[in-house]
6 protein chains.
Amino acid sequence: MAQVSVTRRYRFSASHRLHSAQLSGEENREVYGKCNNPHGHGHDYVLDVTLRGGVSEKSGRLVPLEALDDLVRRAVLKDMDRRNLNEEVDELAGVVPTTENLALVIAERLQRAWAERPAEWTSVLEKVKIHETKRNIFEVSLAREREIG
Amino acid sequence: MAQVSVTRRYRFSASHRLHSAQLSGEENREVYGKCNNPHGHGHDYVLDVTLRGGVSEKSGRLVPLEALDDLVRRAVLKDMDRRNLNEEVDELAGVVPTTENLALVIAERLQRAWAERPAEWTSVLEKVKIHETKRNIFEVSLAREREIG
Amino acid sequence: MAQVSVTRRYRFSASHRLHSAQLSGEENREVYGKCNNPHGHGHDYVLDVTLRGGVSEKSGRLVPLEALDDLVRRAVLKDMDRRNLNEEVDELAGVVPTTENLALVIAERLQRAWAERPAEWTSVLEKVKIHETKRNIFEVSLAREREIG
Amino acid sequence: MAQVSVTRRYRFSASHRLHSAQLSGEENREVYGKCNNPHGHGHDYVLDVTLRGGVSEKSGRLVPLEALDDLVRRAVLKDMDRRNLNEEVDELAGVVPTTENLALVIAERLQRAWAERPAEWTSVLEKVKIHETKRNIFEVSLAREREIG
Amino acid sequence: MAQVSVTRRYRFSASHRLHSAQLSGEENREVYGKCNNPHGHGHDYVLDVTLRGGVSEKSGRLVPLEALDDLVRRAVLKDMDRRNLNEEVDELAGVVPTTENLALVIAERLQRAWAERPAEWTSVLEKVKIHETKRNIFEVSLAREREIG
Amino acid sequence: MAQVSVTRRYRFSASHRLHSAQLSGEENREVYGKCNNPHGHGHDYVLDVTLRGGVSEKSGRLVPLEALDDLVRRAVLKDMDRRNLNEEVDELAGVVPTTENLALVIAERLQRAWAERPAEWTSVLEKVKIHETKRNIFEVSLAREREIG
């Protein structure tokens, strides 16, 4: 069966402060510059979730989009939208909340949630992409490169 | 010879109605929501066509873009721009015109057209991507993953 | 009190067919081209609603955005999103559903809804803008040009 | 002399918390929803500054853009980029940092800075526009509506 | 009759060099920086043309868009798309081709072309806007501020 | 260690003329159309550079972004921003400066610069993407397709 990738885009707004416990105050200021500001700052993150699989003949879809939205909301957005990433995301406690690390946390959360998806969702979770700003984009691949039939 | 991918973007506006003959009226309303409206609705689709190959030393190009545009126009846009996808695209007769299915139809049409391209076009047709809206993006891969030289 | 304009953006997807009862079949095809296709086609419309007024000291806002969203939903989106504009919007019966005419219909609907807004909303409804595509944008002004204090 | 408007775009990332001292805890949660989260959240703000005036015959410009950038940096960006708006912008102490109020603060700061501009800058400061997100845009007019010659 | 504004967007790619005959070599380098490079550089300009008027009951339009495109093509794009602005636009001979000056030239050309429009085009040419890059936008108003009925 | 891709976006404005020494004058006009104009024209190019690797536990980053910016500036932007590609980029002397060829030149320059990166930068340079306009996008892959762990 021919394979299609589906990417669904989400947005969330959060604040963070870049600060590493493994660096001195001076090193932190040097490495993170203005982003080390103790009061924090924020971004409007864009999250792209990509699935790949065969299209259901009955519905013409890979998965029901509303159910996918619900999965992403529970696994990611609920704890991150309008939140402080340093203070309110458990996996980031003591970790520098760069978007590299945020991408890894989101990827792990989505993989765990995906493992418990309905049995009839035969697609694979292919990748997760986060746009911190228009200039900085981060991606985690979650499936082996696709086989082309 | 070093390989380059070239992606060319096209746009078309079409209407459709999401309705599956394999579902009851009630199931259709539940699965497709407002998109099941019998009068239909529409979108401004964005179509990205990607080729990959070596650059001609003579022209500095993979293929002449005008000729590529002509191929895409005849294979896809002519039958889809300012059209009703349910009523006017033969391959979608009796098929739910989700963008998953639309992507597969467009990929097949482009592959058939590509098979009859001029002999000097040595590039491969790599993938087809359709943006239904800014939030929903669909991709079909058409070539084995690239070998890196 | 210093005045601020607030623009809130909405989106809706609809289908239409451009056809004028005052033109012959041939004239219709000449004037509207592919957009005269009897099966219709569609667009993803963007609607920008602009208010202007003084900022509430208590809430820091012109109006509650959720209540504004609700007003726009009831006055406009409910009848237009995922709809056929020719068939399902009463004011467009027998009218060519160009985006010029659509902008006027939406402006009138919003003005009527605005007239019944809560008494504490002292802002004025300044303008309505519709993007049919990225290349075609339509605007209706609803308030006299602003006085600058 | 023919008049031209010049709009220059800037970006800054900041965090804020929407909370009004004039509302109870429950009212705050009702009015601001997730944006009342005590830990704050953030946005990537876009700031458009518009001048209007005659073009210098010598330089072909209204004002030197680098000097304009410097003025905006000192008046606005220095105190707002990678900052917490509630804690680090003096005028917002005790004020709800909605983008309505932020727009007024930025407009006042730019007007004050503009009053001390070089004598040869004969343009007027026409308006200030802030995009909080793609869906919420705020504008403050600073000059009487233009006379058309 | 209710008034609508219609904005139509065009694009053209051109090269230019910023250099003023009224400045010394050193002053030119100081004022224009890298843009003074003798070999020139280029931009993808976006041109927005805005009309305002009443909607024709017969066609539902202000003016036929194809005819408007033709007018803009002959008056502006033909001489500017894929051109060198210093060398190939008569009005810019000896003038610094900043986008301020380019906007004035385009506005004058469109006003002259508009003066010879078909008698049934009762709209006014309201304004011309040029985006040099996403950060630099220039506008020329061509009609007295609108009267609101 | 989990792998993350980081894409950083740069912009540069340049002019060029498409003309092949291996084609006659007439053939050049036929193949390149308006882009063969002897006076040249220009574009605002967008350059996306993608790295892939493991995230440093200490800094939460793949590489320091400021140092990456500096590498890209020295290897690419310094010679291309506000430049004439035909005249001022050595590798393009006698080569048609299509964006296919430009992408190959930039990829080679970045690979050479990357080979001399600091020893602690363990990431690989994965790909280079250039957007000539919104409709024409070119990509060069520089690393074997990723292994998924």
# chains A, B, ... in the order shown; residues from 1 in each chain; ligands from 1
$ residues_around --residues "Val6 of chain D" --least-positions-apart "5" --cutoff "9 Å" --atoms "only C-alpha atoms" --output "list of chain:residue names"
D:Val49, D:Thr50, D:Leu51, D:Arg52, D:Gly53, D:Leu62, E:Glu100, E:Asn136, E:Ile137, E:Phe138, E:Glu139
$ calpha_fit_and_write --fixed "chain C" --moving "chain B" --output "short mmCIF file (atom, residue, chain, number, x, y, z; two decimals) with C-alpha atoms, in the first residue's frame"
data_model
loop_
_atom_site.label_atom_id
_atom_site.label_comp_id
_atom_site.auth_asym_id
_atom_site.auth_seq_id
_atom_site.Cartn_x
_atom_site.Cartn_y
_atom_site.Cartn_z
CA MET B 1 -7.48 58.38 26.79
CA ALA B 2 -4.96 57.04 24.27
CA GLN B 3 -6.50 54.95 21.52
CA VAL B 4 -5.32 51.53 20.40
CA SER B 5 -6.44 49.47 17.43
CA VAL B 6 -6.75 45.72 17.92
CA THR B 7 -6.88 43.39 14.93
CA ARG B 8 -7.94 39.79 15.46
CA ARG B 9 -7.46 37.24 12.68
CA TYR B 10 -9.87 34.43 11.75
CA ARG B 11 -9.83 31.81 8.99
CA PHE B 12 -12.54 29.98 7.12
CA SER B 13 -12.63 27.64 4.12
CA ALA B 14 -15.47 27.90 1.63
CA SER B 15 -16.39 27.15 -1.97
CA HIS B 16 -17.99 29.42 -4.52
CA ARG B 17 -18.75 29.85 -8.23
CA LEU B 18 -18.44 33.21 -9.95
CA HIS B 19 -21.44 33.62 -12.24
CA SER B 20 -23.57 36.70 -12.90
CA ALA B 21 -27.25 36.38 -13.83
CA GLN B 22 -26.86 39.68 -15.66
CA LEU B 23 -24.32 38.24 -18.11
CA SER B 24 -24.70 35.63 -20.86
CA GLY B 25 -22.97 32.25 -20.58
CA GLU B 26 -20.25 33.42 -22.91
CA GLU B 27 -19.77 36.71 -21.08
CA ASN B 28 -19.56 34.85 -17.77
CA ARG B 29 -16.82 32.60 -19.12
CA GLU B 30 -14.99 35.62 -20.47
CA VAL B 31 -15.26 37.69 -17.28
CA TYR B 32 -14.61 34.96 -14.70
CA GLY B 33 -12.55 32.44 -16.69
CA LYS B 34 -11.89 29.24 -14.75
CA CYS B 35 -13.76 30.70 -11.76
CA ASN B 36 -17.01 30.30 -13.75
CA ASN B 37 -16.65 26.48 -13.66
CA PRO B 38 -20.20 25.22 -12.83
CA HIS B 39 -18.88 22.74 -10.25
CA GLY B 40 -17.29 25.54 -8.20
CA HIS B 41 -13.94 25.73 -6.47
CA GLY B 42 -12.77 27.07 -3.10
CA HIS B 43 -10.47 29.16 -0.99
CA ASP B 44 -9.03 29.45 2.52
CA TYR B 45 -10.16 32.95 3.45
CA VAL B 46 -8.43 35.04 6.11
CA LEU B 47 -10.62 37.56 7.95
CA ASP B 48 -9.11 40.43 9.97
CA VAL B 49 -11.49 42.33 12.25
CA THR B 50 -10.19 45.65 13.64
CA LEU B 51 -11.53 47.53 16.67
CA ARG B 52 -10.34 50.87 18.01
CA GLY B 53 -10.83 52.37 21.45
CA GLY B 54 -9.44 53.09 24.88
CA VAL B 55 -7.82 50.43 27.03
CA SER B 56 -9.69 49.38 30.19
CA GLU B 57 -7.58 50.17 33.23
CA LYS B 58 -8.98 47.14 35.01
CA SER B 59 -8.34 44.48 32.38
CA GLY B 60 -5.74 46.12 30.15
CA ARG B 61 -7.87 45.21 27.17
CA LEU B 62 -10.24 46.83 24.68
CA VAL B 63 -12.69 43.92 24.80
CA PRO B 64 -12.48 40.33 26.03
CA LEU B 65 -11.05 38.42 23.07
CA GLU B 66 -13.07 35.28 23.80
CA ALA B 67 -16.30 37.25 23.66
CA LEU B 68 -15.17 38.92 20.44
CA ASP B 69 -14.42 35.50 18.98
CA ASP B 70 -17.87 34.37 19.95
CA LEU B 71 -19.47 37.40 18.27
CA VAL B 72 -17.52 36.78 15.04
CA ARG B 73 -18.31 33.08 15.13
CA ARG B 74 -22.04 33.65 15.44
CA ALA B 75 -22.20 36.53 12.95
CA VAL B 76 -19.88 35.15 10.28
CA LEU B 77 -17.98 31.90 10.67
CA LYS B 78 -20.93 29.66 11.59
CA ASP B 79 -22.53 30.29 8.18
CA MET B 80 -19.36 30.47 6.10
CA ASP B 81 -16.76 28.00 7.35
CA ARG B 82 -16.83 24.76 5.33
CA ARG B 83 -19.76 26.17 3.34
CA ASN B 84 -20.72 26.89 -0.26
CA LEU B 85 -21.07 30.68 -0.42
CA ASN B 86 -23.50 30.65 -3.38
CA GLU B 87 -25.86 28.16 -1.76
CA GLU B 88 -25.56 28.74 1.95
CA VAL B 89 -25.18 32.47 2.60
CA ASP B 90 -28.58 34.16 2.31
CA GLU B 91 -27.32 37.62 1.35
CA LEU B 92 -25.37 36.13 -1.58
CA ALA B 93 -28.40 34.47 -3.19
CA GLY B 94 -28.48 35.87 -6.72
CA VAL B 95 -25.36 37.96 -6.08
CA VAL B 96 -21.95 37.13 -7.59
CA PRO B 97 -19.91 35.85 -4.61
CA THR B 98 -16.77 37.78 -5.48
CA THR B 99 -14.70 38.67 -2.45
CA GLU B 100 -15.72 42.31 -2.95
CA ASN B 101 -19.34 41.30 -2.31
CA LEU B 102 -18.36 38.84 0.41
CA ALA B 103 -16.47 41.61 2.22
CA LEU B 104 -19.57 43.83 2.14
CA VAL B 105 -21.78 41.04 3.48
CA ILE B 106 -19.36 40.27 6.30
CA ALA B 107 -19.01 43.98 7.14
CA GLU B 108 -22.79 44.37 7.37
CA ARG B 109 -23.14 41.27 9.53
CA LEU B 110 -20.41 42.44 11.89
CA GLN B 111 -21.89 45.93 12.13
CA ARG B 112 -25.29 44.50 13.06
CA ALA B 113 -23.73 42.18 15.65
CA TRP B 114 -21.58 45.01 16.97
CA ALA B 115 -24.66 47.21 17.50
CA GLU B 116 -25.83 44.66 20.06
CA ARG B 117 -22.55 44.31 21.90
CA PRO B 118 -22.33 44.64 25.70
CA ALA B 119 -22.69 48.27 26.88
CA GLU B 120 -19.20 48.28 28.42
CA TRP B 121 -17.55 47.68 25.03
CA THR B 122 -16.89 51.30 24.15
CA SER B 123 -14.62 50.56 21.19
CA VAL B 124 -15.68 51.16 17.61
CA LEU B 125 -15.61 48.53 14.87
CA GLU B 126 -13.06 50.12 12.55
CA LYS B 127 -12.58 47.85 9.55
CA VAL B 128 -12.89 44.40 8.06
CA LYS B 129 -10.27 42.91 5.78
CA ILE B 130 -10.48 39.67 3.80
CA HIS B 131 -7.58 37.93 2.12
CA GLU B 132 -8.99 35.70 -0.65
CA THR B 133 -5.49 34.53 -1.54
CA LYS B 134 -2.10 36.03 -0.74
CA ARG B 135 -2.46 38.22 -3.85
CA ASN B 136 -6.03 39.53 -3.45
CA ILE B 137 -7.00 41.48 -0.35
CA PHE B 138 -10.26 43.38 0.27
CA GLU B 139 -11.08 45.94 2.95
CA VAL B 140 -14.19 47.75 4.13
CA SER B 141 -13.85 50.76 6.44
CA LEU B 142 -16.57 51.06 9.05
CA ALA B 143 -15.59 54.06 11.13
CA ARG B 144 -14.68 57.61 10.26
CA GLU B 145 -10.96 58.07 10.11
CA ARG B 146 -9.53 58.29 13.57
CA GLU B 147 -9.05 61.49 15.45
CA ILE B 148 -5.56 61.69 16.88
CA GLY B 149 -5.44 63.12 20.40
#
$ select_by_dssp --residues "segment 81-123 of chain E" --states "helix (DSSP H, G or I)" --output "PyMOL selection string"
chain E and resi 85-88+90-92+99-115
$ write_last_selection --atoms "C-alpha atoms" --output "CSV table (one decimal), in the first residue's frame"
chain,number,residue,atom,x,y,z
E,85,LEU,CA,17.2,49.7,-11.7
E,86,ASN,CA,20.2,52.1,-12.1
E,87,GLU,CA,20.7,51.3,-15.7
E,88,GLU,CA,17.3,50.4,-17.1
E,90,ASP,CA,14.8,56.1,-17.0
E,91,GLU,CA,13.4,58.1,-14.1
E,92,LEU,CA,16.2,56.7,-11.8
E,99,THR,CA,13.2,52.0,-2.3
E,100,GLU,CA,11.9,55.4,-1.2
E,101,ASN,CA,12.7,56.8,-4.7
E,102,LEU,CA,11.6,53.6,-6.4
E,103,ALA,CA,8.2,53.8,-4.6
E,104,LEU,CA,7.8,57.4,-5.9
E,105,VAL,CA,8.6,56.4,-9.5
E,106,ILE,CA,6.2,53.5,-9.4
E,107,ALA,CA,3.5,55.7,-7.9
E,108,GLU,CA,3.9,58.3,-10.6
E,109,ARG,CA,3.9,55.6,-13.4
E,110,LEU,CA,0.7,54.1,-12.0
E,111,GLN,CA,-1.0,57.4,-11.6
E,112,ARG,CA,-0.3,58.3,-15.3
E,113,ALA,CA,-1.5,54.9,-16.4
E,114,TRP,CA,-4.6,55.1,-14.2
E,115,ALA,CA,-5.5,58.5,-15.8
$ select_by_dssp --residues "chain A" --states "strand (DSSP E or B)" --output "PyMOL selection string"
chain A and resi 3-16+41-54+83-84+124-133+136-141
